[in-house]
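Asker: Dropping in structure27.txt, with compact mmCIF, C-alpha atoms and all ligand atoms.
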```
# COMPACT_ATOMS: atom_id res chain seq x y z
CA MET I 80 107.65 98.17 -221.56
CA LEU I 81 108.11 98.13 -225.33
CA LYS I 82 108.64 101.73 -226.38
CA ALA I 83 105.90 101.60 -229.04
CA ASN I 84 103.43 100.63 -226.27
CA ASN I 85 104.03 103.79 -224.19
CA PRO I 86 100.52 104.98 -223.24
CA ASN I 87 101.63 108.62 -223.41
CA LEU I 88 102.33 108.51 -227.14
CA GLN I 89 100.04 110.42 -229.47
CA SER I 90 99.94 110.60 -233.23
CA TRP I 91 99.66 113.57 -235.54
CA ILE I 92 96.91 111.56 -237.26
CA ALA I 93 93.51 112.03 -235.61
CA VAL I 94 92.33 109.16 -233.41
CA SER I 95 88.88 109.23 -231.83
CA LYS I 96 88.55 108.06 -228.24
CA ASP I 97 86.69 104.87 -229.12
CA SER I 98 89.03 103.92 -231.98
CA ASP I 99 90.62 100.47 -231.98
CA PHE I 100 93.71 101.90 -233.60
CA PRO I 101 95.70 104.40 -231.55
CA ILE I 102 99.43 104.76 -232.24
CA GLN I 103 100.12 102.04 -229.63
CA ASN I 104 98.42 99.40 -231.80
CA LEU I 105 99.92 99.53 -235.33
CA PRO I 106 98.46 96.27 -236.65
CA PHE I 107 99.25 94.97 -240.13
CA GLY I 108 96.85 94.37 -243.00
CA VAL I 109 96.60 94.56 -246.79
CA PHE I 110 94.53 96.97 -248.85
CA GLN I 111 93.89 98.04 -252.40
CA THR I 112 91.98 100.77 -254.17
CA ALA I 113 90.48 100.96 -257.64
CA TYR I 114 93.69 102.68 -258.78
CA LYS I 115 96.31 100.84 -256.79
CA GLN I 116 97.74 97.35 -256.47
CA PRO I 117 97.52 95.65 -253.05
CA SER I 118 100.06 96.65 -250.46
CA VAL I 119 100.78 96.08 -246.79
CA ALA I 120 99.48 98.76 -244.46
CA THR I 121 98.95 99.78 -240.89
CA ILE I 122 96.15 101.95 -239.52
CA ILE I 123 95.85 104.88 -237.13
CA GLY I 124 92.34 105.96 -236.23
CA ASP I 125 90.51 105.84 -239.57
CA THR I 126 93.65 106.44 -241.63
CA VAL I 127 95.24 103.57 -243.53
CA VAL I 128 99.00 104.03 -243.94
CA ASP I 129 100.50 102.43 -247.06
CA LEU I 130 103.83 100.88 -246.11
CA ALA I 131 104.87 100.34 -249.72
CA ALA I 132 104.49 104.07 -250.33
CA LEU I 133 106.48 104.81 -247.19
CA ALA I 134 109.18 102.41 -248.38
CA ALA I 135 109.30 104.18 -251.75
CA GLY I 136 109.77 107.41 -249.80
CA GLY I 137 112.80 105.94 -248.03
CA ILE I 138 111.18 105.77 -244.61
CA PHE I 139 112.55 102.30 -243.84
CA ASP I 140 116.07 103.00 -245.12
CA THR I 141 117.47 102.84 -241.58
CA ILE I 142 116.32 99.21 -241.24
CA GLU I 143 118.25 96.53 -243.02
CA MET I 144 115.39 94.79 -244.76
CA ASP I 145 113.86 93.89 -248.10
CA THR I 146 111.10 96.49 -248.44
CA THR I 147 109.58 94.74 -251.47
CA VAL I 148 107.69 92.70 -248.82
CA PHE I 149 105.31 95.66 -248.54
CA SER I 150 104.29 95.51 -252.22
CA GLU I 151 102.48 92.26 -251.71
CA GLN I 152 98.99 90.91 -251.49
CA TYR I 153 99.74 89.19 -248.17
CA ILE I 154 101.81 89.94 -245.09
CA ASN I 155 103.49 86.51 -245.21
CA ARG I 156 106.83 87.66 -246.60
CA PHE I 157 106.87 90.54 -244.14
CA MET I 158 106.22 88.18 -241.19
CA ALA I 159 108.92 85.83 -242.48
CA LEU I 160 111.54 88.56 -242.01
CA GLY I 161 111.45 87.66 -238.32
CA LYS I 162 110.44 89.40 -235.15
CA SER I 163 113.55 91.55 -234.81
CA THR I 164 112.77 93.13 -238.20
CA THR I 165 108.99 93.34 -237.86
CA ARG I 166 109.42 94.84 -234.40
CA ALA I 167 111.89 97.40 -235.82
CA VAL I 168 109.27 98.32 -238.44
CA ARG I 169 106.60 98.79 -235.76
CA ASP I 170 109.02 100.90 -233.68
CA LEU I 171 109.90 103.05 -236.67
CA LEU I 172 106.23 103.53 -237.56
CA SER I 173 105.59 104.54 -233.96
CA THR I 174 108.33 107.15 -234.22
CA VAL I 175 107.42 108.68 -237.59
CA LEU I 176 103.70 108.76 -236.79
CA GLN I 177 104.22 110.44 -233.41
CA LYS I 178 103.07 113.97 -232.79
CA GLY I 179 105.94 116.35 -233.46
CA ASN I 180 107.76 114.07 -235.92
CA THR I 181 107.96 115.68 -239.37
CA THR I 182 109.50 112.82 -241.39
CA ILE I 183 106.12 112.14 -243.02
CA ALA I 184 104.02 114.95 -241.55
CA GLY I 185 106.38 117.50 -243.07
CA ASN I 186 106.38 115.90 -246.51
CA SER I 187 103.06 116.68 -248.18
CA GLN I 188 103.91 114.62 -251.28
CA LEU I 189 104.62 111.51 -249.21
CA MET I 190 101.50 112.10 -247.14
CA ALA I 191 99.40 112.28 -250.28
CA LYS I 192 100.90 109.02 -251.53
CA SER I 193 100.71 107.04 -248.30
CA LEU I 194 97.58 108.04 -246.36
CA TYR I 195 94.07 106.86 -247.21
CA SER I 196 90.75 107.11 -245.44
CA ILE I 197 89.52 103.65 -244.44
CA LYS I 198 86.35 104.54 -246.38
CA GLU I 199 88.17 104.76 -249.71
CA VAL I 200 90.02 101.45 -249.58
CA GLU I 201 89.18 97.78 -249.80
CA MET I 202 90.71 95.63 -247.08
CA LEU I 203 91.90 92.25 -248.35
CA LEU I 204 92.56 88.92 -246.67
CA PRO I 205 95.87 89.80 -244.94
CA VAL I 206 97.38 86.35 -244.72
CA LYS I 207 97.89 83.61 -247.29
CA VAL I 208 96.80 80.84 -244.96
CA GLY I 209 98.76 77.64 -245.46
CA ASP I 210 97.33 75.32 -242.87
CA TYR I 211 94.48 76.12 -240.53
CA THR I 212 93.91 74.40 -237.20
CA ASP I 213 90.93 74.86 -234.91
CA PHE I 214 91.31 74.18 -231.21
CA TYR I 215 88.58 73.66 -228.63
CA SER I 216 90.16 75.41 -225.68
CA SER I 217 87.40 77.09 -223.68
CA ARG I 218 86.38 74.89 -220.78
CA GLU I 219 83.03 76.63 -220.50
CA HIS I 220 82.25 76.01 -224.19
CA ALA I 221 83.35 72.38 -224.09
CA THR I 222 81.35 71.87 -220.89
CA ASN I 223 78.22 73.45 -222.37
CA VAL I 224 78.42 71.34 -225.53
CA GLY I 225 79.14 68.18 -223.54
CA ALA I 226 76.25 68.87 -221.20
CA MET I 227 73.89 69.46 -224.11
CA PHE I 228 74.79 66.40 -226.20
CA ARG I 229 76.12 63.88 -223.68
CA ASP I 230 75.97 64.01 -219.90
CA PRO I 231 75.83 67.18 -217.76
CA ASN I 232 77.64 65.29 -215.00
CA ASN I 233 80.46 64.17 -217.27
CA ALA I 234 80.44 66.99 -219.77
CA LEU I 235 84.15 66.94 -220.58
CA LEU I 236 85.54 63.94 -222.44
CA PRO I 237 88.40 62.15 -220.61
CA ASN I 238 91.16 63.74 -222.74
CA TRP I 239 89.98 67.35 -222.44
CA LEU I 240 91.84 68.42 -219.29
CA HIS I 241 95.03 66.72 -220.47
CA LEU I 242 95.57 68.16 -223.94
CA PRO I 243 94.33 71.02 -226.14
CA VAL I 244 91.87 69.20 -228.39
CA GLY I 245 91.93 70.35 -232.01
CA TYR I 246 91.37 69.35 -235.63
CA HIS I 247 92.80 70.32 -238.99
CA GLY I 248 90.46 72.70 -240.78
CA ARG I 249 90.09 74.11 -244.26
CA ALA I 250 92.29 77.09 -245.27
CA SER I 251 90.85 77.76 -248.73
CA SER I 252 87.57 79.16 -247.40
CA ILE I 253 89.02 81.60 -244.87
CA ILE I 254 87.72 85.00 -245.97
CA VAL I 255 88.10 88.60 -244.90
CA SER I 256 85.51 90.58 -242.99
CA GLY I 257 82.77 91.97 -245.23
CA THR I 258 82.68 88.98 -247.57
CA PRO I 259 79.11 87.60 -247.70
CA VAL I 260 78.59 83.99 -246.65
CA ARG I 261 76.25 81.75 -248.61
CA ARG I 262 74.12 79.47 -246.39
CA PRO I 263 75.56 76.00 -246.91
CA LYS I 264 73.60 72.98 -248.02
CA GLY I 265 74.28 69.44 -246.96
CA GLN I 266 73.17 66.22 -245.36
CA GLN I 267 71.29 66.39 -242.10
CA LYS I 268 69.31 63.94 -240.04
CA PRO I 269 66.69 66.03 -238.23
CA LYS I 270 64.79 63.10 -236.71
CA GLU I 271 66.78 60.81 -234.43
CA ASN I 272 65.20 57.67 -235.96
CA GLY I 273 64.56 59.15 -239.40
CA VAL I 274 66.50 59.07 -242.65
CA PRO I 275 69.08 61.65 -243.71
CA ILE I 276 67.86 64.53 -245.89
CA PHE I 277 69.64 67.04 -248.11
CA GLY I 278 68.98 70.77 -248.05
CA PRO I 279 69.97 74.20 -246.77
CA CYS I 280 71.41 74.24 -243.26
CA GLN I 281 68.66 75.05 -240.74
CA ARG I 282 70.99 75.61 -237.81
CA LEU I 283 73.57 78.09 -239.00
CA ASP I 284 75.79 79.39 -236.21
CA PHE I 285 78.79 81.58 -235.47
CA GLU I 286 81.67 80.70 -233.20
CA LEU I 287 83.43 83.55 -231.43
CA GLU I 288 87.13 82.81 -231.68
CA MET I 289 90.54 84.43 -231.88
CA ALA I 290 93.23 83.07 -234.18
CA PHE I 291 96.99 83.39 -233.95
CA ILE I 292 99.16 83.54 -237.04
CA VAL I 293 102.47 81.73 -237.28
CA GLY I 294 105.32 84.05 -238.29
CA LYS I 295 108.22 81.62 -238.16
CA SER I 296 108.53 78.17 -239.69
CA THR I 297 109.88 74.99 -238.17
CA THR I 298 111.52 71.97 -239.75
CA LEU I 299 109.67 68.68 -239.92
CA GLY I 300 110.59 66.70 -236.83
CA ASP I 301 111.14 69.73 -234.59
CA SER I 302 108.90 70.80 -231.73
CA ILE I 303 108.24 74.23 -230.23
CA THR I 304 108.43 74.49 -226.44
CA THR I 305 105.92 76.57 -224.49
CA ASP I 306 108.62 79.06 -223.51
CA LYS I 307 109.67 79.56 -227.16
CA ALA I 308 106.15 79.60 -228.62
CA GLU I 309 105.80 83.37 -228.64
CA ASP I 310 108.77 83.68 -231.02
CA TYR I 311 106.63 81.80 -233.54
CA ILE I 312 103.39 83.75 -233.04
CA PHE I 313 103.34 86.93 -235.10
CA GLY I 314 99.95 88.20 -234.03
CA VAL I 315 96.28 87.61 -233.46
CA THR I 316 93.04 88.37 -235.27
CA LEU I 317 89.30 87.94 -234.67
CA PHE I 318 87.93 84.73 -236.13
CA ASN I 319 84.35 83.62 -236.81
CA ASP I 320 84.26 79.86 -237.30
CA TRP I 321 80.86 79.68 -239.04
CA SER I 322 79.23 76.35 -238.23
CA ALA I 323 76.32 74.39 -239.70
CA ARG I 324 75.19 72.59 -236.57
CA ASP I 325 72.80 70.16 -238.27
CA ILE I 326 75.35 69.12 -240.89
CA GLN I 327 78.04 68.89 -238.19
CA LYS I 328 75.91 66.75 -235.88
CA TRP I 329 75.26 64.11 -238.54
CA GLU I 330 78.69 63.98 -240.15
CA TYR I 331 81.21 64.35 -237.32
CA VAL I 332 81.38 60.75 -236.03
CA PRO I 333 84.06 59.41 -235.83
CA LEU I 334 86.56 61.77 -237.50
CA GLY I 335 85.32 65.20 -236.43
CA PRO I 336 84.15 68.39 -238.16
CA PHE I 337 84.10 68.45 -241.97
CA LEU I 338 81.53 70.14 -244.25
CA GLY I 339 79.71 71.68 -241.29
CA LYS I 340 82.73 73.95 -240.87
CA SER I 341 84.60 74.16 -244.16
CA PHE I 342 82.16 76.39 -246.10
CA ALA I 343 83.57 79.62 -244.59
CA SER I 344 85.53 81.17 -241.74
CA THR I 345 85.75 84.97 -241.46
CA ILE I 346 88.70 86.93 -240.06
CA ALA I 347 89.12 90.62 -239.31
CA PRO I 348 91.36 92.49 -241.78
CA TRP I 349 93.99 93.53 -239.21
CA VAL I 350 96.55 91.31 -237.51
CA VAL I 351 97.42 92.77 -234.12
CA THR I 352 100.97 91.91 -233.05
CA LEU I 353 101.65 90.03 -229.83
CA ASP I 354 103.84 93.02 -228.95
CA ALA I 355 100.83 95.36 -229.00
CA LEU I 356 98.97 92.96 -226.69
CA GLU I 357 101.67 93.01 -223.98
CA PRO I 358 99.70 95.35 -221.67
CA PHE I 359 96.82 92.86 -221.55
CA ARG I 360 98.68 89.79 -220.36
CA THR I 361 96.92 87.98 -217.57
CA ALA I 362 97.25 84.70 -215.70
CA GLY I 363 95.92 81.53 -217.27
CA TYR I 364 93.70 79.03 -215.50
CA ASP I 365 95.01 76.85 -212.69
CA GLN I 366 95.26 73.56 -214.50
CA ASP I 367 94.12 70.61 -212.44
CA PRO I 368 94.98 67.80 -213.05
CA ALA I 369 98.55 68.94 -213.61
CA VAL I 370 99.53 68.89 -217.28
CA LEU I 371 102.35 66.81 -218.68
CA PRO I 372 105.77 68.51 -218.62
CA TYR I 373 105.74 69.54 -222.31
CA LEU I 374 102.56 71.59 -221.68
CA LYS I 375 103.78 73.37 -218.54
CA TYR I 376 104.52 77.06 -218.89
CA GLU I 377 105.50 80.05 -216.80
CA GLY I 378 104.23 83.60 -216.70
CA ASP I 379 101.01 85.28 -217.75
CA CYS I 380 100.09 83.75 -221.08
CA ASN I 381 96.42 84.65 -221.38
CA TYR I 382 95.20 88.04 -222.59
CA ASP I 383 92.45 90.22 -221.16
CA ILE I 384 90.68 91.14 -224.39
CA GLN I 385 86.98 91.91 -224.29
CA LEU I 386 85.00 90.22 -227.03
CA GLN I 387 81.57 90.99 -228.35
CA VAL I 388 79.16 89.50 -230.89
CA GLY I 389 76.22 91.31 -232.43
CA ILE I 390 73.54 90.20 -234.89
CA GLN I 391 72.09 92.77 -237.25
CA PRO I 392 69.00 91.54 -239.12
CA GLU I 393 68.43 93.01 -242.56
CA GLY I 394 66.86 96.45 -242.23
CA SER I 395 67.24 96.55 -238.44
CA ASN I 396 69.81 97.55 -235.86
CA GLU I 397 72.43 95.39 -234.23
CA LYS I 398 71.63 93.42 -231.10
CA ILE I 399 74.57 92.38 -228.89
CA VAL I 400 74.13 88.68 -228.09
CA CYS I 401 77.45 87.87 -226.42
CA GLU I 402 80.05 89.62 -224.25
CA SER I 403 83.03 87.36 -223.63
CA ASN I 404 86.78 87.63 -223.10
CA PHE I 405 89.90 86.10 -224.68
CA LYS I 406 91.08 85.23 -221.15
CA HIS I 407 88.39 82.53 -220.90
CA LEU I 408 90.74 80.01 -222.48
CA TYR I 409 91.85 77.03 -220.44
CA TRP I 410 94.59 76.19 -222.94
CA THR I 411 96.86 79.12 -223.84
CA MET I 412 98.26 79.84 -227.29
CA ASN I 413 101.75 78.69 -226.27
CA GLN I 414 100.33 75.38 -225.03
CA GLN I 415 98.38 74.99 -228.27
CA LEU I 416 101.51 75.51 -230.37
CA ALA I 417 103.64 73.25 -228.16
CA HIS I 418 101.03 70.53 -228.42
CA HIS I 419 100.58 71.05 -232.17
CA THR I 420 104.30 70.42 -232.80
CA ILE I 421 105.12 67.87 -230.09
CA ASN I 422 104.81 65.04 -232.60
CA GLY I 423 107.23 66.74 -234.98
CA CYS I 424 104.60 68.30 -237.22
CA ASN I 425 106.12 71.37 -238.86
CA VAL I 426 104.44 74.76 -239.00
CA ASN I 427 104.90 77.38 -241.69
CA VAL I 428 104.67 81.14 -241.92
CA GLY I 429 101.01 81.95 -242.52
CA ASP I 430 99.56 79.01 -240.66
CA MET I 431 96.56 79.97 -238.60
CA CYS I 432 95.42 78.46 -235.31
CA ALA I 433 92.00 79.37 -233.99
CA SER I 434 91.21 79.15 -230.31
CA GLY I 435 87.88 77.40 -230.39
CA THR I 436 84.69 79.10 -229.31
CA ILE I 437 85.44 81.43 -226.41
CA SER I 438 82.58 81.16 -223.94
CA GLY I 439 82.65 82.65 -220.48
CA PRO I 440 80.96 81.34 -217.34
CA THR I 441 77.70 83.30 -217.67
CA GLN I 442 74.86 82.95 -220.17
CA ASP I 443 75.52 86.39 -221.64
CA SER I 444 79.10 85.31 -222.42
CA TYR I 445 78.32 82.22 -224.49
CA GLY I 446 80.19 82.39 -227.80
CA SER I 447 77.79 80.55 -230.12
CA MET I 448 74.06 80.45 -230.81
CA LEU I 449 74.17 76.73 -230.00
CA GLU I 450 74.86 77.71 -226.39
CA ILE I 451 72.87 80.95 -226.32
CA SER I 452 69.74 79.14 -227.53
CA TRP I 453 70.75 75.99 -225.61
CA ASN I 454 70.49 73.76 -228.67
CA GLY I 455 67.47 75.63 -230.03
CA THR I 456 65.34 75.43 -226.88
CA LYS I 457 65.49 79.18 -226.17
CA SER I 458 65.13 82.25 -228.35
CA VAL I 459 66.84 85.63 -228.46
CA GLU I 460 64.73 88.60 -229.49
CA MET I 461 66.21 90.95 -232.06
CA LEU I 462 65.52 94.70 -231.94
CA ASP I 463 62.93 94.31 -234.71
CA GLY I 464 60.99 91.81 -232.58
CA THR I 465 61.99 88.71 -234.57
CA GLN I 466 63.33 85.71 -232.67
CA ARG I 467 66.59 83.84 -233.23
CA GLN I 468 67.71 80.39 -232.22
CA PHE I 469 70.27 80.33 -235.00
CA ILE I 470 71.32 82.75 -237.77
CA ALA I 471 68.72 83.84 -240.35
CA ASP I 472 69.25 84.80 -243.99
CA GLY I 473 70.06 88.51 -244.24
CA ASP I 474 71.62 88.61 -240.77
CA THR I 475 75.02 90.19 -240.39
CA VAL I 476 77.13 88.76 -237.58
CA ILE I 477 79.62 91.26 -236.19
CA MET I 478 82.49 90.41 -233.84
CA ARG I 479 84.67 92.93 -232.04
CA GLY I 480 87.55 92.70 -229.61
CA TRP I 481 89.58 95.21 -227.62
CA GLY I 482 91.74 95.57 -224.55
CA GLU I 483 92.01 98.68 -222.40
CA ALA I 484 94.90 99.62 -220.13
CA ALA I 485 96.26 102.96 -218.93
CA GLY I 486 93.63 104.78 -220.97
CA VAL I 487 94.72 103.13 -224.22
CA ARG I 488 92.33 100.94 -226.20
CA ILE I 489 93.92 98.35 -228.48
CA GLY I 490 91.31 96.77 -230.76
CA PHE I 491 90.98 94.35 -233.61
CA GLY I 492 88.53 96.18 -235.85
CA SER I 493 85.42 94.27 -236.71
CA CYS I 494 84.92 90.83 -238.19
CA GLU I 495 81.64 90.86 -240.13
CA GLY I 496 79.76 88.59 -242.44
CA LYS I 497 76.26 88.70 -243.91
CA ILE I 498 74.36 85.50 -244.56
CA LEU I 499 72.94 85.09 -248.07
CA PRO I 500 70.19 82.56 -248.80
CA ALA I 501 71.28 79.12 -250.00
CA ASN I 502 71.77 78.74 -253.74
MN MN R 1 85.57 76.36 -233.90
```
Here is a file; write its structure as structure tokens.
Ligand code: MN

Answerer:
Amino acid sequence: MLKANNPNLQSWIAVSKDSDFPIQNLPFGVFQTAYKQPSVATIIGDTVVDLAALAAGGIFDTIEMDTTVFSEQYINRFMALGKSTTRAVRDLLSTVLQKGNTTIAGNSQLMAKSLYSIKEVEMLLPVKVGDYTDFYSSREHATNVGAMFRDPNNALLPNWLHLPVGYHGRASSIIVSGTPVRRPKGQQKPKENGVPIFGPCQRLDFELEMAFIVGKSTTLGDSITTDKAEDYIFGVTLFNDWSARDIQKWEYVPLGPFLGKSFASTIAPWVVTLDALEPFRTAGYDQDPAVLPYLKYEGDCNYDIQLQVGIQPEGSNEKIVCESNFKHLYWTMNQQLAHHTINGCNVNVGDMCASGTISGPTQDSYGSMLEISWNGTKSVEMLDGTQRQFIADGDTVIMRGWGEAAGVRIGFGSCEGKILPAN
């Protein structure tokens, strides 16, 4: 067990029982206040810990590292230091934030400079995303979509069980939780035999996904093997791949998703390290037919992380519409990265790879409104009595994720976005 994951550890900073951020988590994010430039931070309970302030106080002096990486608007330079250094930082934070340790707790000046209530800060987009890739790795989701639009008896396309299907997405419109999302406009063809029209999307959807962030670059021409993939994955965050289903349906042939996806994708503000997720490792799916040798892997490479989506209409309370799990992925992250680079495509620090919609086997675990409403043929009732087939203006979509083991809950915070009417 990694020492920072010890379930017996407690912090001198208060952590409520249902918090996503006990001392065993220590995710990384970036924050600012009205009086302070952005800096890299971690969080315990509801307390944001400014790592630039800790660096100025000499806390990281025992680690050979460039601590200017903490005085940045993104965690990219920090990730690029490599896992041995970022792991040493997490270990040190675990030590100095532990109950009984007085390095910070006994230094009231340093405490005043480095600790903030989450309520008094603004969380920023933590990663400068270079390239963004979206996979399509949940068998249940791919089967549901295939059954809806093609043939229920041949729902999966012939390639699906042989490779992790994906496409290159848009990085510029990846935004942090809390940023409103403007309903997109675009071309649609509502009637099968009609003409295309232009207007606000009528079928706005969420996609419940997780995304991993690349923390180590490769050289063009090189490939990453499945057994080395975890060296290249810094951590994971919640990811809402907002989708305009009507725009997508009309535009996607033959080259795949474009404007139906690129208007926005929302991520949670905290990147949880793969190290913190160790206790939640679980077996992947039995893959039949057998995969080609470059996609084979050993060990438990899926993660048992509960996922949840709620919709909160304006002026009403939140209704939970989906309970899923990160383990419902047929293709694991290490297979995704091995496949991504098998042709020699290079990856860079800050690249982001989303999982694809994570749907489970039951109707209450479907990770998109497309599936929940079965292509608009069923409705979900909100707590205010209004019905939803897709997302309405004023709705806030909220995603959460957390694992629980040995009485410790490791969570991802929330990934939220409110829909504003089209311009
Ligand atoms: Mn997607």

Asker: CA of Gln415 (chain I) to CA of Ala362 (chain I): how many Å, to one decimal?

Answerer: 15.9 Å

Asker: Would you list the residues that come within 9 Å of ligand MN 1 (chain R)? Count all atoms listed in the file and give the answer as a PyMOL selection string.

Answerer: chain I and resi 213-215+245+285-288+318-322+340+433-436

Asker: Could you list, as a short mmCIF file (atom, residue, chain, number, x, y, z; two decimals) with C-alpha atoms, in the frame of the given file, every residue within 7 Å of Ile498 (chain I), counting only C-alpha atoms and ignoring same-chain residues fewer than 2 positions away?

Answerer:
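Ended up saving to out32.cif:
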```
data_model
loop_
_atom_site.label_atom_id
_atom_site.label_comp_id
_atom_site.auth_asym_id
_atom_site.auth_seq_id
_atom_site.Cartn_x
_atom_site.Cartn_y
_atom_site.Cartn_z
CA PRO I 259 79.11 87.60 -247.70
CA VAL I 260 78.59 83.99 -246.65
CA ARG I 261 76.25 81.75 -248.61
CA ARG I 262 74.12 79.47 -246.39
CA ASP I 472 69.25 84.80 -243.99
CA GLY I 473 70.06 88.51 -244.24
CA ASP I 474 71.62 88.61 -240.77
CA THR I 475 75.02 90.19 -240.39
CA GLY I 496 79.76 88.59 -242.44
CA PRO I 500 70.19 82.56 -248.80
#
```

Asker: Skipping near chain neighbours, those fewer than 4 positions away, what residues fall within 7 Å of Met202 (chain I) using only C-alpha atoms, listed as a count of residues only?

Answerer: 4

Asker: To one decimal in Å, tell me the separation between CA of Val200 (chain I) and CA of Asn155 (chain I).

Answerer: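 Straight-line distance from CA of Val200 (chain I) to CA of Asn155 (chain I) works out to 20.6 Å.
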